[in-house]
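Shown here: coords-v4.pdb, PDB, C-alpha atoms.
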ATOM      1  CA  MET Q   1      36.211  70.964 130.631  1.00  0.00           C
ATOM      2  CA  ALA Q   2      37.674  72.464 133.805  1.00  0.00           C
ATOM      3  CA  PHE Q   3      40.945  74.348 133.456  1.00  0.00           C
ATOM      4  CA  ILE Q   4      43.772  72.439 135.137  1.00  0.00           C
ATOM      5  CA  ASP Q   5      46.460  74.917 136.180  1.00  0.00           C
ATOM      6  CA  ASN Q   6      49.740  73.057 136.703  1.00  0.00           C
ATOM      7  CA  ILE Q   7      52.170  75.911 136.046  1.00  0.00           C
ATOM      8  CA  SER Q   8      52.930  76.337 139.761  1.00  0.00           C
ATOM      9  CA  LEU Q   9      53.700  72.603 140.015  1.00  0.00           C
ATOM     10  CA  ILE Q  10      56.109  72.906 137.090  1.00  0.00           C
ATOM     11  CA  VAL Q  11      58.007  75.772 138.705  1.00  0.00           C
ATOM     12  CA  ASN Q  12      58.127  73.952 142.050  1.00  0.00           C
ATOM     13  CA  LEU Q  13      59.657  70.930 140.322  1.00  0.00           C
ATOM     14  CA  LEU Q  14      62.269  73.194 138.735  1.00  0.00           C
ATOM     15  CA  ILE Q  15      63.135  74.537 142.192  1.00  0.00           C
ATOM     16  CA  LEU Q  16      63.661  70.991 143.459  1.00  0.00           C
ATOM     17  CA  ALA Q  17      65.791  70.190 140.415  1.00  0.00           C
ATOM     18  CA  ALA Q  18      68.036  73.195 141.037  1.00  0.00           C
ATOM     19  CA  VAL Q  19      68.406  72.296 144.721  1.00  0.00           C
ATOM     20  CA  GLY Q  20      69.241  68.683 143.890  1.00  0.00           C
ATOM     21  CA  ILE Q  21      71.816  69.652 141.259  1.00  0.00           C
ATOM     22  CA  PHE Q  22      73.434  72.257 143.518  1.00  0.00           C
ATOM     23  CA  TYR Q  23      73.753  69.996 146.540  1.00  0.00           C
ATOM     24  CA  THR Q  24      74.982  67.010 144.519  1.00  0.00           C
ATOM     25  CA  GLY Q  25      77.578  69.153 142.762  1.00  0.00           C
ATOM     26  CA  PHE Q  26      78.762  70.843 145.950  1.00  0.00           C
ATOM     27  CA  TYR Q  27      78.922  67.511 147.810  1.00  0.00           C
ATOM     28  CA  ALA Q  28      81.040  65.918 145.075  1.00  0.00           C
ATOM     29  CA  TRP Q  29      83.363  68.920 144.761  1.00  0.00           C
ATOM     30  CA  PHE Q  30      83.821  69.232 148.540  1.00  0.00           C
ATOM     31  CA  ASN Q  31      84.821  65.590 148.921  1.00  0.00           C
ATOM     32  CA  PHE Q  32      87.030  65.731 145.841  1.00  0.00           C
ATOM     33  CA  ARG Q  33      88.965  68.564 147.484  1.00  0.00           C
ATOM     34  CA  ARG Q  34      89.393  66.328 150.524  1.00  0.00           C
ATOM     35  CA  LYS Q  35      90.691  63.558 148.224  1.00  0.00           C
ATOM     36  CA  ASP Q  36      87.784  61.332 149.271  1.00  0.00           C
ATOM     37  CA  LEU Q  37      86.653  60.055 145.870  1.00  0.00           C
ATOM     38  CA  ASP Q  38      84.672  57.165 147.338  1.00  0.00           C
ATOM     39  CA  ARG Q  39      82.493  59.540 149.344  1.00  0.00           C
ATOM     40  CA  ALA Q  40      82.200  61.909 146.377  1.00  0.00           C
ATOM     41  CA  MET Q  41      81.027  59.092 144.134  1.00  0.00           C
ATOM     42  CA  THR Q  42      78.590  57.740 146.714  1.00  0.00           C
ATOM     43  CA  GLY Q  43      77.085  61.197 147.137  1.00  0.00           C
ATOM     44  CA  MET Q  44      76.801  61.630 143.396  1.00  0.00           C
ATOM     45  CA  ARG Q  45      75.002  58.309 143.024  1.00  0.00           C
ATOM     46  CA  SER Q  46      72.569  59.248 145.788  1.00  0.00           C
ATOM     47  CA  GLY Q  47      71.890  62.621 144.178  1.00  0.00           C
ATOM     48  CA  ALA Q  48      71.613  60.994 140.760  1.00  0.00           C
ATOM     49  CA  LEU Q  49      68.926  58.618 142.022  1.00  0.00           C
ATOM     50  CA  LEU Q  50      66.854  61.490 143.380  1.00  0.00           C
ATOM     51  CA  LEU Q  51      67.335  63.468 140.161  1.00  0.00           C
ATOM     52  CA  VAL Q  52      66.212  60.504 138.046  1.00  0.00           C
ATOM     53  CA  ILE Q  53      63.036  60.218 140.116  1.00  0.00           C
ATOM     54  CA  LEU Q  54      62.432  63.963 139.875  1.00  0.00           C
ATOM     55  CA  ALA Q  55      63.177  64.061 136.139  1.00  0.00           C
ATOM     56  CA  THR Q  56      60.731  61.211 135.560  1.00  0.00           C
ATOM     57  CA  ILE Q  57      57.978  63.213 137.253  1.00  0.00           C
ATOM     58  CA  ILE Q  58      58.922  66.338 135.291  1.00  0.00           C
ATOM     59  CA  GLY Q  59      58.901  64.355 132.046  1.00  0.00           C
ATOM     60  CA  ILE Q  60      55.457  62.908 132.762  1.00  0.00           C
ATOM     61  CA  VAL Q  61      54.098  66.391 133.523  1.00  0.00           C
ATOM     62  CA  ALA Q  62      55.719  67.753 130.348  1.00  0.00           C
ATOM     63  CA  VAL Q  63      54.228  65.086 128.076  1.00  0.00           C
ATOM     64  CA  TRP Q  64      50.843  65.381 129.783  1.00  0.00           C
ATOM     65  CA  GLY Q  65      50.952  69.160 129.332  1.00  0.00           C
ATOM     66  CA  GLU Q  66      51.904  68.875 125.666  1.00  0.00           C
ATOM     67  CA  LEU Q  67      48.801  66.776 125.065  1.00  0.00           C
ATOM     68  CA  THR Q  68      46.222  68.327 127.373  1.00  0.00           C
ATOM     69  CA  PHE Q  69      47.100  71.935 128.317  1.00  0.00           C
ATOM     70  CA  PRO Q  70      43.925  73.881 127.441  1.00  0.00           C
ATOM     71  CA  LEU Q  71      45.477  77.229 126.494  1.00  0.00           C
ATOM     72  CA  PRO Q  72      46.344  78.017 122.843  1.00  0.00           C
ATOM     73  CA  GLY Q  73      48.971  75.851 121.181  1.00  0.00           C
ATOM     74  CA  SER Q  74      51.760  78.404 121.516  1.00  0.00           C
ATOM     75  CA  TYR Q  75      51.612  77.949 125.300  1.00  0.00           C
ATOM     76  CA  ASN Q  76      51.940  74.178 125.004  1.00  0.00           C
ATOM     77  CA  VAL Q  77      55.073  74.722 122.951  1.00  0.00           C
ATOM     78  CA  PHE Q  78      56.441  77.442 125.213  1.00  0.00           C
ATOM     79  CA  PHE Q  79      55.887  75.759 128.570  1.00  0.00           C
ATOM     80  CA  PHE Q  80      56.339  72.082 127.837  1.00  0.00           C
ATOM     81  CA  ASP Q  81      58.893  71.750 125.025  1.00  0.00           C
ATOM     82  CA  PRO Q  82      61.746  73.125 127.185  1.00  0.00           C
ATOM     83  CA  LEU Q  83      60.460  71.226 130.219  1.00  0.00           C
ATOM     84  CA  ALA Q  84      60.598  67.922 128.325  1.00  0.00           C
ATOM     85  CA  LEU Q  85      64.134  68.682 127.125  1.00  0.00           C
ATOM     86  CA  LEU Q  86      65.329  69.583 130.624  1.00  0.00           C
ATOM     87  CA  ALA Q  87      63.727  66.432 132.049  1.00  0.00           C
ATOM     88  CA  LEU Q  88      65.511  64.328 129.441  1.00  0.00           C
ATOM     89  CA  LEU Q  89      68.828  66.027 130.218  1.00  0.00           C
ATOM     90  CA  ILE Q  90      68.555  65.565 133.994  1.00  0.00           C
ATOM     91  CA  GLU Q  91      67.449  61.958 133.690  1.00  0.00           C
ATOM     92  CA  ALA Q  92      70.228  61.125 131.227  1.00  0.00           C
ATOM     93  CA  PHE Q  93      72.869  62.550 133.558  1.00  0.00           C
ATOM     94  CA  GLY Q  94      71.447  60.707 136.560  1.00  0.00           C
ATOM     95  CA  LEU Q  95      71.336  57.393 134.714  1.00  0.00           C
ATOM     96  CA  ALA Q  96      74.867  57.861 133.390  1.00  0.00           C
ATOM     97  CA  VAL Q  97      76.143  58.300 136.953  1.00  0.00           C
ATOM     98  CA  LEU Q  98      74.141  55.369 138.307  1.00  0.00           C
ATOM     99  CA  LEU Q  99      75.267  53.073 135.487  1.00  0.00           C
ATOM    100  CA  ARG Q 100      78.865  54.358 135.662  1.00  0.00           C
ATOM    101  CA  LEU Q 101      78.825  55.505 132.046  1.00  0.00           C
ATOM    102  CA  PRO Q 102      80.550  58.598 130.582  1.00  0.00           C
ATOM    103  CA  THR Q 103      78.627  61.770 131.416  1.00  0.00           C
ATOM    104  CA  SER Q 104      80.379  63.943 128.825  1.00  0.00           C
ATOM    105  CA  PHE Q 105      77.864  62.793 126.204  1.00  0.00           C
ATOM    106  CA  VAL Q 106      75.122  64.251 128.373  1.00  0.00           C
ATOM    107  CA  GLY Q 107      77.097  67.481 128.761  1.00  0.00           C
ATOM    108  CA  VAL Q 108      77.343  67.922 124.991  1.00  0.00           C
ATOM    109  CA  PHE Q 109      73.610  67.271 124.746  1.00  0.00           C
ATOM    110  CA  GLY Q 110      73.114  69.872 127.483  1.00  0.00           C
ATOM    111  CA  VAL Q 111      74.756  72.580 125.373  1.00  0.00           C
ATOM    112  CA  VAL Q 112      72.200  71.994 122.617  1.00  0.00           C
ATOM    113  CA  VAL Q 113      69.287  71.829 125.070  1.00  0.00           C
ATOM    114  CA  GLY Q 114      70.405  75.019 126.800  1.00  0.00           C
ATOM    115  CA  CYS Q 115      70.594  76.950 123.550  1.00  0.00           C
ATOM    116  CA  GLY Q 116      67.084  75.755 122.718  1.00  0.00           C
ATOM    117  CA  VAL Q 117      65.670  76.782 126.109  1.00  0.00           C
ATOM    118  CA  ILE Q 118      67.199  80.250 125.769  1.00  0.00           C
ATOM    119  CA  PHE Q 119      65.734  80.585 122.276  1.00  0.00           C
ATOM    120  CA  TYR Q 120      62.252  79.711 123.585  1.00  0.00           C
ATOM    121  CA  GLY Q 121      62.599  82.261 126.371  1.00  0.00           C
ATOM    122  CA  VAL Q 122      63.802  85.087 124.131  1.00  0.00           C
ATOM    123  CA  ARG Q 123      61.148  84.455 121.484  1.00  0.00           C
ATOM    124  CA  ALA Q 124      58.362  84.312 124.080  1.00  0.00           C
ATOM    125  CA  TYR Q 125      59.630  87.583 125.552  1.00  0.00           C
ATOM    126  CA  GLN Q 126      59.427  89.193 122.114  1.00  0.00           C
ATOM    127  CA  LEU Q 127      55.855  87.930 121.719  1.00  0.00           C
ATOM    128  CA  HIS Q 128      54.805  88.885 125.293  1.00  0.00           C
ATOM    129  CA  LEU Q 129      53.270  85.446 125.870  1.00  0.00           C
ATOM    130  CA  THR Q 130      53.038  85.828 129.641  1.00  0.00           C
ATOM    131  CA  SER Q 131      51.914  88.515 132.047  1.00  0.00           C
ATOM    132  CA  ASP Q 132      55.392  88.459 133.623  1.00  0.00           C
ATOM    133  CA  PRO Q 133      57.604  88.628 130.525  1.00  0.00           C
ATOM    134  CA  LEU Q 134      60.824  89.732 132.239  1.00  0.00           C
ATOM    135  CA  GLU Q 135      60.598  87.197 135.079  1.00  0.00           C
ATOM    136  CA  THR Q 136      59.795  84.455 132.577  1.00  0.00           C
ATOM    137  CA  LEU Q 137      62.737  85.456 130.389  1.00  0.00           C
ATOM    138  CA  LEU Q 138      65.101  85.357 133.367  1.00  0.00           C
ATOM    139  CA  LEU Q 139      63.830  81.893 134.303  1.00  0.00           C
ATOM    140  CA  TYR Q 140      64.468  80.551 130.811  1.00  0.00           C
ATOM    141  CA  LEU Q 141      67.857  82.240 130.546  1.00  0.00           C
ATOM    142  CA  ALA Q 142      68.940  80.820 133.902  1.00  0.00           C
ATOM    143  CA  PHE Q 143      67.928  77.235 133.158  1.00  0.00           C
ATOM    144  CA  GLY Q 144      69.289  77.507 129.631  1.00  0.00           C
ATOM    145  CA  ALA Q 145      72.635  78.631 131.034  1.00  0.00           C
ATOM    146  CA  LEU Q 146      72.467  75.788 133.570  1.00  0.00           C
ATOM    147  CA  ALA Q 147      71.983  73.246 130.781  1.00  0.00           C
ATOM    148  CA  ILE Q 148      74.851  74.698 128.738  1.00  0.00           C
ATOM    149  CA  GLY Q 149      77.101  74.759 131.804  1.00  0.00           C
ATOM    150  CA  SER Q 150      76.405  71.084 132.519  1.00  0.00           C
ATOM    151  CA  LEU Q 151      79.253  70.236 130.147  1.00  0.00           C
ATOM    152  CA  VAL Q 152      81.747  71.449 132.779  1.00  0.00           C
ATOM    153  CA  PRO Q 153      80.756  69.102 135.657  1.00  0.00           C
ATOM    154  CA  ALA Q 154      80.182  66.290 133.166  1.00  0.00           C
ATOM    155  CA  LEU Q 155      83.781  66.484 131.965  1.00  0.00           C
ATOM    156  CA  PHE Q 156      85.066  66.912 135.507  1.00  0.00           C
ATOM    157  CA  VAL Q 157      83.180  63.846 136.721  1.00  0.00           C
ATOM    158  CA  ASP Q 158      84.501  61.722 133.858  1.00  0.00           C
ATOM    159  CA  TRP Q 159      88.098  62.836 134.276  1.00  0.00           C
ATOM    160  CA  PHE Q 160      88.597  63.279 138.004  1.00  0.00           C
ATOM    161  CA  ILE Q 161      85.839  61.576 140.007  1.00  0.00           C
ATOM    162  CA  MET Q 162      84.889  58.434 138.100  1.00  0.00           C
ATOM    163  CA  GLY Q 163      87.955  58.488 135.872  1.00  0.00           C
ATOM    164  CA  PRO Q 164      90.640  57.516 138.410  1.00  0.00           C
ATOM    165  CA  LYS Q 165      88.891  54.195 139.107  1.00  0.00           C
ATOM    166  CA  MET Q 166      87.226  53.746 135.715  1.00  0.00           C
ATOM    167  CA  PRO Q 167      89.599  55.187 133.086  1.00  0.00           C
ATOM    168  CA  ASN Q 168      87.339  53.967 130.301  1.00  0.00           C
ATOM    169  CA  VAL Q 169      84.837  56.768 131.031  1.00  0.00           C
ATOM    170  CA  GLN Q 170      87.390  59.513 130.371  1.00  0.00           C
ATOM    171  CA  PRO Q 171      86.894  61.280 127.015  1.00  0.00           C
ATOM    172  CA  ILE Q 172      90.691  61.444 126.684  1.00  0.00           C
ATOM    173  CA  ALA Q 173      93.163  59.692 128.991  1.00  0.00           C
ATOM    174  CA  SER Q 174      94.081  62.035 131.841  1.00  0.00           C
ATOM    175  CA  THR Q 175      95.947  62.179 135.113  1.00  0.00           C
ATOM    176  CA  GLU Q 176      94.015  61.725 138.350  1.00  0.00           C
ATOM    177  CA  ILE Q 177      94.693  65.323 139.434  1.00  0.00           C
ATOM    178  CA  PRO Q 178      93.636  68.313 137.282  1.00  0.00           C
ATOM    179  CA  ALA Q 179      96.565  69.927 135.517  1.00  0.00           C
ATOM    180  CA  TYR Q 180      94.885  73.342 135.948  1.00  0.00           C
ATOM    181  CA  PRO Q 181      93.114  73.189 139.326  1.00  0.00           C
ATOM    182  CA  ARG Q 182      92.358  76.916 139.487  1.00  0.00           C
ATOM    183  CA  MET Q 183      90.655  76.798 136.093  1.00  0.00           C
ATOM    184  CA  TRP Q 184      88.428  73.949 137.245  1.00  0.00           C
ATOM    185  CA  THR Q 185      87.691  75.745 140.511  1.00  0.00           C
ATOM    186  CA  VAL Q 186      86.525  78.804 138.584  1.00  0.00           C
ATOM    187  CA  LEU Q 187      84.465  76.785 136.087  1.00  0.00           C
ATOM    188  CA  LEU Q 188      82.799  74.602 138.713  1.00  0.00           C
ATOM    189  CA  GLY Q 189      82.227  77.589 140.971  1.00  0.00           C
ATOM    190  CA  ALA Q 190      80.575  79.419 138.090  1.00  0.00           C
ATOM    191  CA  PHE Q 191      78.371  76.387 137.433  1.00  0.00           C
ATOM    192  CA  LEU Q 192      77.238  76.305 141.073  1.00  0.00           C
ATOM    193  CA  VAL Q 193      76.517  80.047 140.957  1.00  0.00           C
ATOM    194  CA  VAL Q 194      74.409  79.584 137.810  1.00  0.00           C
ATOM    195  CA  THR Q 195      72.585  76.692 139.495  1.00  0.00           C
ATOM    196  CA  PHE Q 196      71.846  78.880 142.514  1.00  0.00           C
ATOM    197  CA  LEU Q 197      70.616  81.715 140.291  1.00  0.00           C
ATOM    198  CA  ALA Q 198      68.397  79.300 138.344  1.00  0.00           C
ATOM    199  CA  GLY Q 199      66.866  78.090 141.609  1.00  0.00           C
ATOM    200  CA  LEU Q 200      66.422  81.672 142.807  1.00  0.00           C
ATOM    201  CA  ALA Q 201      64.747  82.657 139.529  1.00  0.00           C
ATOM    202  CA  ALA Q 202      62.383  79.701 139.912  1.00  0.00           C
ATOM    203  CA  VAL Q 203      61.584  80.648 143.521  1.00  0.00           C
ATOM    204  CA  LEU Q 204      60.774  84.242 142.579  1.00  0.00           C
ATOM    205  CA  TYR Q 205      58.709  83.112 139.615  1.00  0.00           C
ATOM    206  CA  ALA Q 206      56.885  80.556 141.760  1.00  0.00           C
ATOM    207  CA  PHE Q 207      56.033  83.267 144.274  1.00  0.00           C
ATOM    208  CA  ASN Q 208      54.396  85.353 141.549  1.00  0.00           C
ATOM    209  CA  ILE Q 209      52.614  82.350 140.044  1.00  0.00           C
ATOM    210  CA  VAL Q 210      51.229  80.984 143.296  1.00  0.00           C
ATOM    211  CA  TRP Q 211      50.231  84.447 144.544  1.00  0.00           C
ATOM    212  CA  ALA Q 212      48.313  85.179 141.353  1.00  0.00           C
ATOM    213  CA  HIS Q 213      46.927  81.737 140.565  1.00  0.00           C
ATOM    214  CA  LEU Q 214      45.614  80.967 144.046  1.00  0.00           C
ATOM    215  CA  ALA Q 215      43.608  84.156 143.786  1.00  0.00           C
TER     216      ALA Q 215
END
When written as structure tokens, how does the structure in this file appear?
Amino acid sequence: MAFIDNISLIVNLLILAAVGIFYTGFYAWFNFRRKDLDRAMTGMRSGALLLVILATIIGIVAVWGELTFPLPGSYNVFFFDPLALLALLIEAFGLAVLLRLPTSFVGVFGVVVGCGVIFYGVRAYQLHLTSDPLETLLLYLAFGALAIGSLVPALFVDWFIMGPKMPNVQPIASTEIPAYPRMWTVLLGAFLVVTFLAGLAAVLYAFNIVWAHLA
């Protein structure tokens, strides 16, 4: 059987995911600051639709890889377990936004997923499973941190973007304006920085993968 190398495709999909999450988050935050919740929500729904489509593709690749990847079983576990979890997380968030459901549930799920992704990355680094152990570790740490940090925008969306018009999505009843705006600015800014770093880690990793694998 011919060896089907889809690792570069996986990393490229992760790059697209990071770009989609960053732009959607920045778009929503920018319009929230301008007190234009309608535009913020419309932008979020547009981004959510694209993320659902992307997550579906990532999920299909992950399941296919789990079943067919020809390298030893440890690589199936290492590459495709975290990918399937991340796909599920992204798709769940996108669907929650599209269906106008609370996103905080997805954020809590993201904390668990992120811890799992980081564990996979650290353990693989200890076992030297790849030829680029440090770059691989940084990729897993970045996307693990991104998943953990998803709780912040999830709560913010429920309380201050969807919440003012749909109070039933708020985890706890809240005012329309954050009581601690600077705290939220710092937390959301940190989330966007982590998203950027995750995308950058994927770009650098993709460069190494494509350079080596095309050869």
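Residues with any atom within 9 Å of Q:Gly121, counting all atoms listed in the file and excluding same-chain neighbours fewer than 6 positions away, are Phe78, Thr136, Leu137, Leu138, Leu139, Tyr140, Leu141 and Gly144 of chain Q.
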Return as a tab-separated table the residues of stretch 173-205 of chain Q lying at most 9 Å from stretch 153-157 of chain Q, together with the closest atom-to-atom pair for each and the distance in Å to one decimal, counting only C-alpha atoms, with rows in chain order and ascending residue number.
residue	atom	partner	partner_atom	distance
Q:Pro178	CA	Q:Phe156	CA	8.9
Q:Trp184	CA	Q:Phe156	CA	8.0
Q:Leu187	CA	Q:Pro153	CA	8.5
Q:Leu188	CA	Q:Pro153	CA	6.6
Q:Phe191	CA	Q:Pro153	CA	7.9
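Applying the 9 Å criterion to (79.8, 57.6, 144.7) in file coordinates and using all atoms listed in the file, one obtains the residues Ala28, Leu37, Asp38, Arg39, Ala40, Met41, Thr42, Gly43, Met44, Arg45, Ser46, Val97, Leu98, Ile161 and Met162 of chain Q.
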Explicit residues for the PyMOL selection byres ((chain Q and resi 112-118) around 10) (as a JSON list (two decimals) with C-alpha atoms, keeping the file's coordinate frame):
[["chain", "number", "residue", "atom", "x", "y", "z"],
["Q", 78, "PHE", "CA", 56.44, 77.44, 125.21],
["Q", 81, "ASP", "CA", 58.89, 71.75, 125.02],
["Q", 82, "PRO", "CA", 61.75, 73.12, 127.18],
["Q", 83, "LEU", "CA", 60.46, 71.23, 130.22],
["Q", 85, "LEU", "CA", 64.13, 68.68, 127.12],
["Q", 86, "LEU", "CA", 65.33, 69.58, 130.62],
["Q", 88, "LEU", "CA", 65.51, 64.33, 129.44],
["Q", 89, "LEU", "CA", 68.83, 66.03, 130.22],
["Q", 107, "GLY", "CA", 77.10, 67.48, 128.76],
["Q", 108, "VAL", "CA", 77.34, 67.92, 124.99],
["Q", 109, "PHE", "CA", 73.61, 67.27, 124.75],
["Q", 110, "GLY", "CA", 73.11, 69.87, 127.48],
["Q", 111, "VAL", "CA", 74.76, 72.58, 125.37],
["Q", 119, "PHE", "CA", 65.73, 80.58, 122.28],
["Q", 120, "TYR", "CA", 62.25, 79.71, 123.58],
["Q", 121, "GLY", "CA", 62.60, 82.26, 126.37],
["Q", 122, "VAL", "CA", 63.80, 85.09, 124.13],
["Q", 123, "ARG", "CA", 61.15, 84.46, 121.48],
["Q", 124, "ALA", "CA", 58.36, 84.31, 124.08],
["Q", 137, "LEU", "CA", 62.74, 85.46, 130.39],
["Q", 138, "LEU", "CA", 65.10, 85.36, 133.37],
["Q", 139, "LEU", "CA", 63.83, 81.89, 134.30],
["Q", 140, "TYR", "CA", 64.47, 80.55, 130.81],
["Q", 141, "LEU", "CA", 67.86, 82.24, 130.55],
["Q", 142, "ALA", "CA", 68.94, 80.82, 133.90],
["Q", 143, "PHE", "CA", 67.93, 77.24, 133.16],
["Q", 144, "GLY", "CA", 69.29, 77.51, 129.63],
["Q", 145, "ALA", "CA", 72.64, 78.63, 131.03],
["Q", 146, "LEU", "CA", 72.47, 75.79, 133.57],
["Q", 147, "ALA", "CA", 71.98, 73.25, 130.78],
["Q", 148, "ILE", "CA", 74.85, 74.70, 128.74],
["Q", 149, "GLY", "CA", 77.10, 74.76, 131.80],
["Q", 150, "SER", "CA", 76.40, 71.08, 132.52]]
Could you expand the PyMOL selection byres ((chain Q and resi 52) around 7) into the explicit residues it covers here, written as a ChimeraX atom specification? /Q:48-51,53-56,90-91,94-95
Pick out the closest residue to Q:Val169 from this set: Q:Phe69, Q:Tyr75, Q:Lys35, Q:Leu99. Count all atoms listed in the file.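 The closest residue to Q:Val169 is Q:Leu99.
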Selection: 7 Å around Q:Ser8, only C-alpha atoms, excl. self and same-chain fewer than 5 positions, as a ChimeraX atom specification: /Q:206,209-210
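Across the model, the gap from atom CA of Q:Gln170 to atom CA of Q:Leu101 is 9.6 Å.
Of note, atom CA of Q:Asp158 and atom CA of Q:Ser174 are spaced 9.8 Å apart.
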Tell me which protein, DNA and RNA residues are within 8 Å of Q:Glu66, counting all atoms listed in the file, leaving out same-chain ones fewer than 6 positions away, and put them as a list in words.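 Everything that qualifies: Asn76, Val77, Phe80 and Asp81 of chain Q.
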